[in-house]
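Notes follow once the structure below has been shown.
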Amino acid sequence: MKYALIGCGRVSGSHIKAAKLNNLEITALCDINPEKAVRLARENNLENVSIFSDYKEMLDVVKPHLVAIATWSGCHGEIAEYCALNGFNFIVEKPMAMSIEEADRVIKAVEKTGVKACACHQNRFNIAVQELKKAIDNGRFGKLSHGNVNIRWCRREDYYSQDVWRGKWATDGGALMNQCIHGIDLLRWVMGDEIESVYGSVRNRQHPYIEAEDIGVAVVNFKSGAVATIEGTVNTIEDFEETLSVFGENGMVRLGGMNASTIDVWQFKDEEAADSDRRSVEEIAPNLYGNGHTSLYRDVVASIENDRTPYVDVYAGKRALELVLSIYKSCKEGREVKFPIDSFATTEMIEK
Ligand SMILES: NC(=O)c1ccc[n+]([C@@H]2O[C@H](COP(=O)([O-])OP(=O)(O)OC[C@H]3O[C@@H](n4cnc5c(N)ncnc54)[C@H](O)[C@@H]3O)[C@@H](O)[C@H]2O)c1
């Protein structure tokens, strides 16, 4: 299966590793700064790969069966829509777009051509997350009471000064949109997706050199009646944790580690034989991106081969985006936001 990558920066190594482990034929790399593509090829011993600086030309010449989009967040939507309209299956890095309208255009294009399209929320494949989701789907919690996600990471000035797109409303967003969207996606997904309303607040307390927020908090009211809280920040003095907790009438679980990859608490009234093994789940990952890219690629390849929808599709990508945008919108308007959101863009946060 011919594979091509658009965007050869920090996260590109995780994509190349996942492509290799899934035996994809890595045919082309594209970056507007082609030196980055050349470097990525060299570092990964990709001798026969073609290098491009224009993704449209690359798609036209190479005609890959699968494309990954790992560019700045601000151009994900445009490139994803182009891939879909021109019949290319794709994996788009998070966030899949920067506005509801842009996400809807991507979805419309995917529905029109029927390409296989995946939003890169790879932490859904964490063993701990899979166990939690299964326990909820199997009814082990009973009636859900509440959930909670805390993403407490550290990003300093040297991180933001690497690239001009970071921390800007038009091209990135802040802590919630960039670093915390994975945990926010997990919270919404495990709690049952359907949201009634959100009240949120965001601030920039410690990063005066970026436009967007470095701390955001929110209260989420689910249609089921369950409630949840979100705290997402890059203001801790070291990377600290990403924990996800769920409480129900018959059970309580807390996932922990740096990206919800360990099971810290696993308690149910109906103890099962396998529960003691579950309590020792602890996935070791090389970095904060975790191990999920390889599993996500495996699923997308299978979705192409078996003509089915990927496990994490573009509707899932939009739901994560919508929840982050709802927090921004709530803060901007100073009131609770009802779901679904018909329209909102990160650029509406720019102070006039
Ligand atoms: N899933 C994850 O865990 C995870 C982890 C890190 C980053 N990300 C996401 O991946 C994306 C990239 O992050 P990064 O840290 O690698 O950024 P980066 O700036 O290091 O790399 C992005 C690359 O894209 C290139 N680029 C920009 N516009 C392009 C275009 N139109 N065509 C071709 N190339 C283009 C840039 O030159 C740059 O080399 C971001 O959206 C980020 O949110 C996801």
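Each chain of the structure tokens is named A, B, ... in the order shown, its residues numbered from 1; ligands are numbered from 1 in display order.
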
Next on the checklist: Considering only alpha helix (DSSP H) as DSSP defines it on the backbone, what residues of region 46-200 of chain A qualify? List them as a VMD selection string.
Outcome noted: chain A and resid 55 to 62 76 to 85 100 to 113 127 to 137 157 to 160 181 to 190

Checklist entry - Hey, what does DSSP flag as strand (DSSP E) within region 87-269 of chain A? Can you give it to me as a ChimeraX atom specification? => result /A:89-93,117-120,144-152,195-203,215-222,227-233,241-248,251-256,262-268

Checklist entry - Which is closest to Glu305 (chain A) among A:Ile230, A:Leu21, A:Cys331, A:Leu66, if we use only C-alpha atoms? => result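 Among the listed residues, the smallest separation from Glu305 (chain A) belongs to A:Leu66.
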
Item to check | Within-9 Å residues of ligand 1, basis only C-alpha atoms and all ligand atoms, as an NGL selection string | outcome: :A and (5-14 or 29-37 or 52-56 or 69-76 or 78-79 or 92-96 or 120-123 or 162-166 or 171-172 or 177-179 or 182 or 288-290 or 292-293)

Item to check | Among listed residues A:Ala109, A:Arg203, A:Glu25, A:Lys116, nearest Pro310 (chain A) (using only C-alpha atoms) | outcome: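 Smallest separation from Pro310 (chain A) among the options: A:Lys116.
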
Checklist entry - What does the distance from CA of Ala28 (chain A) to CA of Ala68 (chain A) come to in Å, to one decimal? => result 10.8 Å
